[in-house]
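Listing of query_34.csv, CSV, C-alpha atoms
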chain,number,residue,atom,x,y,z
X,10,MET,CA,-5.9,-8.2,22.6
X,11,ASN,CA,-9.6,-7.3,23.0
X,12,ASN,CA,-11.7,-9.7,20.9
X,13,SER,CA,-15.1,-8.2,21.5
X,14,LEU,CA,-15.4,-8.0,17.7
X,15,THR,CA,-13.8,-11.1,16.3
X,16,LEU,CA,-12.9,-10.4,12.7
X,17,ASN,CA,-10.4,-13.0,11.5
X,18,ARG,CA,-7.6,-12.3,9.1
X,19,ASN,CA,-9.6,-13.1,5.9
X,20,GLN,CA,-12.5,-10.9,7.0
X,21,LEU,CA,-10.3,-8.0,7.8
X,22,LYS,CA,-8.5,-8.3,4.5
X,23,TYR,CA,-11.8,-8.2,2.6
X,24,LEU,CA,-12.8,-5.2,4.6
X,25,VAL,CA,-9.7,-3.2,3.7
X,26,ILE,CA,-9.9,-4.4,0.1
X,27,ALA,CA,-13.4,-2.9,0.0
X,28,ALA,CA,-11.9,0.3,1.5
X,29,MET,CA,-9.2,0.3,-1.2
X,30,LEU,CA,-11.9,0.0,-3.9
X,31,ILE,CA,-13.8,3.0,-2.4
X,32,ASP,CA,-10.6,5.0,-2.3
X,33,HIS,CA,-9.7,4.2,-5.9
X,34,ILE,CA,-13.2,5.0,-7.2
X,35,ALA,CA,-12.8,8.4,-5.5
X,36,TRP,CA,-9.4,9.0,-7.2
X,37,ALA,CA,-11.0,8.1,-10.5
X,38,PHE,CA,-14.3,9.9,-10.4
X,39,VAL,CA,-14.8,12.1,-7.3
X,40,PRO,CA,-13.1,15.5,-6.7
X,41,THR,CA,-10.8,15.2,-3.7
X,42,ASP,CA,-11.9,18.6,-2.3
X,43,SER,CA,-15.5,17.5,-2.1
X,44,VAL,CA,-17.0,16.2,1.1
X,45,LEU,CA,-17.7,12.8,-0.6
X,46,GLY,CA,-14.1,12.7,-1.9
X,47,GLN,CA,-12.7,13.4,1.6
X,48,VAL,CA,-14.9,10.7,3.2
X,49,MET,CA,-14.0,8.1,0.6
X,50,HIS,CA,-10.3,8.8,0.9
X,51,PHE,CA,-10.6,8.8,4.7
X,52,ILE,CA,-12.0,5.2,4.5
X,53,GLY,CA,-9.3,4.3,2.0
X,54,ARG,CA,-6.5,5.1,4.5
X,55,LEU,CA,-7.3,1.7,6.2
X,56,THR,CA,-5.8,-0.3,3.4
X,57,GLY,CA,-2.1,0.5,3.1
X,58,PRO,CA,-1.2,0.3,6.8
X,59,THR,CA,-3.3,-2.8,7.4
X,60,MET,CA,-1.7,-4.6,4.5
X,61,ALA,CA,1.7,-3.7,5.9
X,62,TYR,CA,0.5,-5.3,9.2
X,63,PHE,CA,-0.4,-8.5,7.3
X,64,ILE,CA,3.0,-8.5,5.5
X,65,ALA,CA,4.6,-8.6,9.0
X,66,GLU,CA,2.2,-11.4,10.0
X,67,GLY,CA,2.8,-13.3,6.8
X,68,TYR,CA,6.6,-13.1,7.3
X,69,TYR,CA,6.1,-14.6,10.8
X,70,TYR,CA,4.0,-17.4,9.7
X,71,THR,CA,5.3,-18.3,6.2
X,72,ARG,CA,7.1,-21.6,5.7
X,73,ASN,CA,8.9,-20.4,2.6
X,74,PHE,CA,10.1,-16.8,2.5
X,75,ARG,CA,11.4,-17.0,-1.0
X,76,LYS,CA,8.0,-18.1,-2.4
X,77,TYR,CA,6.3,-15.4,-0.4
X,78,ALA,CA,8.6,-12.7,-1.8
X,79,LEU,CA,8.5,-14.1,-5.3
X,80,ARG,CA,4.7,-14.1,-5.3
X,81,LEU,CA,4.7,-10.4,-4.2
X,82,GLY,CA,7.3,-9.6,-6.8
X,83,ILE,CA,5.4,-11.3,-9.7
X,84,PHE,CA,2.1,-9.5,-8.9
X,85,ALA,CA,3.9,-6.2,-8.3
X,86,PHE,CA,5.2,-6.5,-11.8
X,87,LEU,CA,1.9,-7.6,-13.2
X,88,SER,CA,0.3,-4.6,-11.6
X,89,TRP,CA,2.7,-2.2,-13.2
X,90,LEU,CA,0.7,-1.6,-16.4
X,91,PRO,CA,-2.7,-1.2,-14.8
X,92,PHE,CA,-1.4,1.0,-12.0
X,93,VAL,CA,0.4,3.4,-14.5
X,94,TYR,CA,-2.7,3.4,-16.7
X,95,PHE,CA,-5.0,4.1,-13.8
X,96,GLU,CA,-2.7,6.9,-12.3
X,97,PHE,CA,-1.5,8.5,-15.5
X,98,GLY,CA,-3.7,7.3,-18.4
X,99,THR,CA,-0.7,6.1,-20.3
X,100,MET,CA,1.2,2.8,-20.9
X,101,PRO,CA,4.3,2.2,-18.7
X,102,VAL,CA,6.5,1.9,-21.9
X,103,TYR,CA,5.8,4.4,-24.7
X,104,LEU,CA,7.5,6.3,-27.5
X,105,SER,CA,8.0,10.0,-26.9
X,106,SER,CA,8.7,12.6,-29.6
X,107,HIS,CA,11.4,15.1,-29.2
X,108,ILE,CA,11.9,18.6,-30.7
X,109,ASN,CA,14.2,17.3,-33.4
X,110,GLY,CA,11.6,14.8,-34.5
X,111,GLU,CA,13.3,11.7,-33.1
X,112,GLN,CA,11.3,9.2,-31.1
X,113,GLN,CA,12.7,7.7,-27.9
X,114,LEU,CA,11.5,4.8,-25.8
X,115,GLU,CA,10.4,6.0,-22.3
X,116,PHE,CA,9.6,4.1,-19.2
X,117,ASN,CA,7.2,5.2,-16.4
X,118,LEU,CA,8.7,3.6,-13.4
X,119,HIS,CA,5.8,4.0,-11.0
X,120,PHE,CA,4.5,0.9,-9.2
X,121,GLY,CA,1.5,0.0,-7.0
X,122,VAL,CA,1.4,-0.9,-3.4
X,123,LEU,CA,2.5,-4.5,-3.9
X,124,TYR,CA,5.9,-3.2,-4.9
X,125,THR,CA,6.2,-1.2,-1.7
X,126,LEU,CA,5.0,-4.1,0.4
X,127,LEU,CA,7.6,-6.3,-1.2
X,128,LEU,CA,10.3,-3.8,-0.1
X,129,GLY,CA,8.7,-3.8,3.3
X,130,LEU,CA,9.0,-7.6,3.4
X,131,LEU,CA,12.7,-7.4,2.3
X,132,ALA,CA,13.3,-4.8,5.1
X,133,ILE,CA,12.0,-7.3,7.7
X,134,LYS,CA,14.3,-10.0,6.3
X,135,LEU,CA,17.3,-7.7,6.4
X,136,TRP,CA,16.5,-6.7,10.0
X,137,ASP,CA,16.5,-10.4,11.0
X,138,SER,CA,19.8,-11.0,9.2
X,139,LYS,CA,23.2,-11.2,10.8
X,140,LEU,CA,24.4,-7.9,9.3
X,141,ASP,CA,25.9,-5.2,11.5
X,142,ILE,CA,23.2,-2.8,12.7
X,143,ALA,CA,24.7,0.1,10.7
X,144,TYR,CA,24.5,-1.9,7.5
X,145,LYS,CA,21.0,-2.9,8.3
X,146,ILE,CA,19.9,0.7,8.7
X,147,LEU,CA,21.7,1.8,5.6
X,148,THR,CA,20.2,-1.0,3.5
X,149,ILE,CA,16.7,-0.4,4.8
X,150,ALA,CA,17.2,3.3,4.1
X,151,ALA,CA,18.1,2.3,0.5
X,152,LEU,CA,14.8,0.3,0.3
X,153,CYS,CA,12.9,3.3,1.5
X,154,ILE,CA,14.5,5.3,-1.3
X,155,LEU,CA,13.5,2.6,-3.8
X,156,SER,CA,10.0,2.7,-2.5
X,157,LEU,CA,9.6,6.3,-3.9
X,158,PHE,CA,8.7,4.6,-7.1
X,159,GLY,CA,5.8,2.9,-5.4
X,160,ASP,CA,2.4,3.7,-3.8
X,161,TRP,CA,2.5,4.4,0.0
X,162,ALA,CA,6.2,5.1,-0.5
X,163,ILE,CA,8.4,4.9,2.6
X,164,PHE,CA,5.5,4.7,5.0
X,165,ASP,CA,4.5,1.1,4.2
X,166,VAL,CA,8.1,0.0,4.3
X,167,LEU,CA,8.5,1.4,7.8
X,168,TRP,CA,5.1,0.1,9.0
X,169,CYS,CA,6.0,-3.4,7.8
X,170,LEU,CA,9.3,-3.2,9.7
X,171,PHE,CA,7.9,-1.7,12.9
X,172,PHE,CA,5.0,-4.1,13.0
X,173,HIS,CA,7.6,-6.9,12.9
X,174,ILE,CA,10.1,-5.4,15.4
X,175,TRP,CA,7.4,-4.7,18.0
X,176,ARG,CA,5.2,-7.6,17.2
X,177,LYS,CA,4.8,-8.6,20.9
X,178,ASP,CA,5.1,-5.1,22.3
X,179,SER,CA,1.8,-3.3,21.9
X,180,THR,CA,3.1,0.0,23.2
X,181,GLY,CA,6.1,0.0,20.9
X,182,LYS,CA,4.1,-1.1,18.0
X,183,TRP,CA,1.4,1.6,18.1
X,184,THR,CA,3.8,4.3,19.2
X,185,SER,CA,6.0,3.7,16.2
X,186,TYR,CA,3.0,3.4,14.0
X,187,CYS,CA,1.6,6.8,15.1
X,188,CYS,CA,5.0,8.4,14.6
X,189,VAL,CA,5.1,7.2,11.0
X,190,ALA,CA,1.4,8.2,10.6
X,191,GLY,CA,2.2,11.7,11.9
X,192,SER,CA,4.9,12.0,9.2
X,193,TYR,CA,2.4,10.8,6.6
X,194,ILE,CA,0.0,13.6,7.7
X,195,ALA,CA,2.8,16.2,7.6
X,196,PHE,CA,3.7,15.0,4.1
X,197,LEU,CA,0.1,15.4,2.9
X,198,VAL,CA,-0.2,18.9,4.5
X,199,ILE,CA,3.0,20.1,2.9
X,200,GLY,CA,2.0,18.6,-0.5
X,201,SER,CA,-1.5,20.2,-0.5
X,202,GLY,CA,-0.6,23.4,1.3
X,203,SER,CA,-3.4,23.2,3.8
X,204,TRP,CA,-4.8,21.1,6.7
X,205,LEU,CA,-8.3,21.3,5.4
X,206,GLY,CA,-7.3,19.6,2.1
X,207,SER,CA,-5.5,16.8,4.0
X,208,LEU,CA,-8.2,15.8,6.5
X,209,TRP,CA,-8.8,12.6,4.7
X,210,GLY,CA,-5.3,11.5,5.6
X,211,PHE,CA,-6.3,11.2,9.3
X,212,GLY,CA,-8.0,7.9,8.4
X,213,VAL,CA,-4.7,6.2,9.1
X,214,PHE,CA,-5.4,6.6,12.8
X,215,LEU,CA,-8.3,4.3,12.5
X,216,VAL,CA,-5.9,1.4,11.8
X,217,PRO,CA,-4.8,0.9,15.4
X,218,LEU,CA,-8.4,0.8,16.6
X,219,LEU,CA,-9.3,-1.7,13.8
X,220,LEU,CA,-6.4,-4.0,14.5
X,221,HIS,CA,-6.4,-3.8,18.3
X,222,PHE,CA,-10.1,-4.0,19.0
X,223,CYS,CA,-11.5,-5.9,16.0
X,224,TYR,CA,-8.9,-8.4,14.9
X,225,SER,CA,-9.1,-11.8,16.6
X,226,GLY,CA,-5.7,-13.0,15.5
X,227,LYS,CA,-7.2,-16.1,13.8
X,228,PRO,CA,-6.5,-16.8,10.1
X,229,GLY,CA,-10.0,-17.8,9.0
X,230,CYS,CA,-10.8,-20.3,6.3
X,231,ARG,CA,-7.6,-21.6,4.5
X,232,HIS,CA,-9.3,-21.9,1.1
X,233,PRO,CA,-6.8,-20.8,-1.7
X,234,ILE,CA,-9.2,-18.1,-2.8
X,235,ASN,CA,-8.5,-16.2,0.4
X,236,LYS,CA,-4.8,-16.4,-0.3
X,237,TRP,CA,-4.9,-15.3,-3.9
X,238,PHE,CA,-7.9,-12.9,-4.0
X,239,PHE,CA,-6.0,-9.7,-3.2
X,240,TYR,CA,-3.1,-10.5,-5.6
X,241,ILE,CA,-5.6,-10.9,-8.4
X,242,PHE,CA,-8.1,-8.2,-7.5
X,243,TYR,CA,-5.5,-5.5,-7.1
X,244,PRO,CA,-4.3,-5.3,-10.8
X,245,ALA,CA,-7.8,-6.3,-12.1
X,246,HIS,CA,-9.7,-3.5,-10.4
X,247,LEU,CA,-7.0,-0.9,-11.4
X,248,ALA,CA,-7.4,-2.0,-15.0
X,249,VAL,CA,-11.2,-1.8,-14.9
X,250,LEU,CA,-11.3,1.6,-13.2
X,251,GLY,CA,-8.6,2.9,-15.6
X,252,ILE,CA,-10.6,1.8,-18.7
X,253,LEU,CA,-13.9,3.1,-17.3
X,254,ARG,CA,-12.3,6.5,-16.6
X,255,TRP,CA,-10.9,6.6,-20.1
X,256,MET,CA,-14.3,5.7,-21.6
X,257,LEU,CA,-16.2,8.3,-19.5
X,258,PHE,CA,-13.6,11.1,-19.4
X,259,PRO,CA,-11.2,10.5,-22.4
X,260,GLU,CA,-9.9,14.1,-22.0
X,261,CYS,CA,-8.4,13.2,-18.6
X,262,CYS,CA,-6.3,10.4,-20.1

Same coordinates, now as structure tokens:
Amino acid sequence: MNNSLTLNRNQLKYLVIAAMLIDHIAWAFVPTDSVLGQVMHFIGRLTGPTMAYFIAEGYYYTRNFRKYALRLGIFAFLSWLPFVYFEFGTMPVYLSSHINGEQQLEFNLHFGVLYTLLLGLLAIKLWDSKLDIAYKILTIAALCILSLFGDWAIFDVLWCLFFHIWRKDSTGKWTSYCCVAGSYIAFLVIGSGSWLGSLWGFGVFLVPLLLHFCYSGKPGCRHPINKWFFYIFYPAHLAVLGILRWMLFPECC
């Protein structure tokens, strides 16, 4: 690993958290087809894959897998309300009116990236289990299907898994990463109907450069704030941005 720029794990996490904030500000307030919107979303592509990398790292170094998974699960649930409000301008549980006048309780089952990262962590655990390879693949495929309810669906599950499988094989790691990244770009192009409208997605290809050339492999300061900051910041910033958008553009919510 080339350590000419020695960013430790904490510094790198704060860097991609800032990238996430820039990305979400753009989703809330900046038109995606504008130059500024494209640049902000391009920067934001650093976050999902890098966090997947650190999930694989966390799995390798954790002393207690259950506590690690439980922590992700709790904050994934706590992020449900702010994520849905940020994305859709509604509550995750609401009453809907039907034609016959009856009201029915509805659930918006869309979750943030912590949910998808949790599934990625479970995929790693399954891969390391003693299950037959066919069952492993089928179960991981089921996790990918479940991830469709989350942000960075499927892609972050696979990145978590491949970062773990090829942890000590740089060629395998970045080849598999780029294959998934290529699928991500294809998904964006199909969804938007044009290459031009999907240029921001190519920001995912900055991640190998960032991790290979800028990450020192060192954890950094072990103060608890560095462990808990992302878990707390993620739902908090979604709630703040969602409220700000509602205040400034109530017609959008």

Give me the range 143-179 of chain X side of the contact with range 210-232 of chain X, cut-off 12 Å, one line per residue showing its nearest atom pair and distance in Å at one decimal, counting all atoms listed in the file, sorted by chain and residue number, as a tab-separated table.
residue	atom	partner	partner_atom	distance
X:Trp161	CA	X:Val213	CA	11.7
X:Phe164	CA	X:Val213	CA	11.1
X:Asp165	CA	X:Val213	CA	11.6
X:Trp168	CA	X:Val216	CA	11.4
X:Phe172	CA	X:Pro217	CA	11.3
X:Ser179	CA	X:His221	CA	9.0

Those selected residues, please, written with C-alpha atoms and delivered as a tab-separated table (two decimals), in the coordinates of the input.
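Generated output (selection_4.tsv):
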chain	number	residue	atom	x	y	z
X	161	TRP	CA	2.50	4.40	0.00
X	164	PHE	CA	5.50	4.70	5.00
X	165	ASP	CA	4.50	1.10	4.20
X	168	TRP	CA	5.10	0.10	9.00
X	172	PHE	CA	5.00	-4.10	13.00
X	179	SER	CA	1.80	-3.30	21.90

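We find CA of Ala151 in chain X and CA of Tyr240 in chain X to be spaced 25.5 Å apart.
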
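The neighbours of Val25 in chain X here are the residues that come within 9 Å of it, using all atoms listed in the file and leaving out any residue fewer than 2 positions away in the same chain; they are Gln20, Leu21, Lys22, Tyr23, Ala27, Ala28, Met29, Leu30, Ile52, Gly53, Arg54, Leu55, Thr56, Gly57, Thr59 and Met60 of chain X.
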
Problem set entry | Shell around Leu167 in chain X at 10 Å using only C-alpha atoms, local window under 3 positions removed, as number ranges by chain | X: 58, 61, 126, 128-129, 132-133, 149-150, 152-153, 162-164, 170-173, 185-186, 189

Please produce a file of the residues just selected, as a PDB file, in the frame of the given file, where the atoms kept are C-alpha atoms.
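That gives us selection.pdb:
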ATOM      1  CA  PRO X  58      -1.200   0.300   6.800  1.00  0.00           C
ATOM      2  CA  ALA X  61       1.700  -3.700   5.900  1.00  0.00           C
ATOM      3  CA  LEU X 126       5.000  -4.100   0.400  1.00  0.00           C
ATOM      4  CA  LEU X 128      10.300  -3.800  -0.100  1.00  0.00           C
ATOM      5  CA  GLY X 129       8.700  -3.800   3.300  1.00  0.00           C
ATOM      6  CA  ALA X 132      13.300  -4.800   5.100  1.00  0.00           C
ATOM      7  CA  ILE X 133      12.000  -7.300   7.700  1.00  0.00           C
ATOM      8  CA  ILE X 149      16.700  -0.400   4.800  1.00  0.00           C
ATOM      9  CA  ALA X 150      17.200   3.300   4.100  1.00  0.00           C
ATOM     10  CA  LEU X 152      14.800   0.300   0.300  1.00  0.00           C
ATOM     11  CA  CYS X 153      12.900   3.300   1.500  1.00  0.00           C
ATOM     12  CA  ALA X 162       6.200   5.100  -0.500  1.00  0.00           C
ATOM     13  CA  ILE X 163       8.400   4.900   2.600  1.00  0.00           C
ATOM     14  CA  PHE X 164       5.500   4.700   5.000  1.00  0.00           C
ATOM     15  CA  LEU X 170       9.300  -3.200   9.700  1.00  0.00           C
ATOM     16  CA  PHE X 171       7.900  -1.700  12.900  1.00  0.00           C
ATOM     17  CA  PHE X 172       5.000  -4.100  13.000  1.00  0.00           C
ATOM     18  CA  HIS X 173       7.600  -6.900  12.900  1.00  0.00           C
ATOM     19  CA  SER X 185       6.000   3.700  16.200  1.00  0.00           C
ATOM     20  CA  TYR X 186       3.000   3.400  14.000  1.00  0.00           C
ATOM     21  CA  VAL X 189       5.100   7.200  11.000  1.00  0.00           C
TER      22      VAL X 189
END

Quick one: axis-aligned box around all listed atoms of range 199-204 of chain X, 6 Å on every side, centre and edge lengths in Å to one decimal, written as AutoDock Vina command-line options.
--center_x -0.9 --center_y 21.0 --center_z 3.1 --size_x 19.8 --size_y 16.8 --size_z 19.2

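Within 12 Å of Pro244 in chain X, once all atoms listed in the file are used and residues closer than 6 positions along the same chain are dropped, the contacting residues are X:Leu30, X:His33, X:Ile83, X:Phe84, X:Ala85, X:Phe86, X:Leu87, X:Ser88, X:Trp89, X:Leu90, X:Pro91, X:Phe92, X:Val93, X:Tyr94, X:Phe95, X:Phe120, X:Gly121, X:Val122, X:Leu123, X:Tyr124, X:Phe238, X:Leu250, X:Gly251.
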
Exercise. Of the candidates X:Val48, X:Leu127, X:Ala35, X:Val249, which one gets nearest to Tyr77 in chain X if we count only C-alpha atoms?
Worked result: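 Looking at the shortest contact to Tyr77 in chain X, the residue is X:Leu127.
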
Exercise. So which one's closest to Leu131 in chain X, X:Thr180, X:Asn117, X:Gln112, X:Ser156? Using all atoms listed in the file, please.
Worked result: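 Between X:Thr180, X:Asn117, X:Gln112, X:Ser156, the residue approaching Leu131 in chain X most closely is X:Ser156.
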
Problem set entry | Residues near Ile252 in chain X, cut-off 12 Å, all atoms listed in the file, skip fewer than 2 positions along chain, as a ChimeraX atom specification | /X:37,91-99,245-250,254-259,261-262

Exercise. CA of Leu130 in chain X and CA of Val166 in chain X, how far apart in Å?
Worked result: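 Pair CA of Val166 in chain X / CA of Leu130 in chain X returns 7.7 Å.
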
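CA of Gly159 in chain X is found 22.4 Å from CA of Leu104 in chain X.
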
Exercise. Which residue gives the smallest distance to Lys182 in chain X among X:Ala195, X:Ala65, X:Leu157, X:Ile34, with only C-alpha atoms counted?
Worked result: X:Ala65

For this session: Go through X:Gly181, X:Thr41, X:Thr125, X:Trp204 one by one, measure the shortest atom-to-atom distance of each to Ile154 in chain X using all atoms listed in the file, and give the residue with the smallest value.
Result: X:Thr125
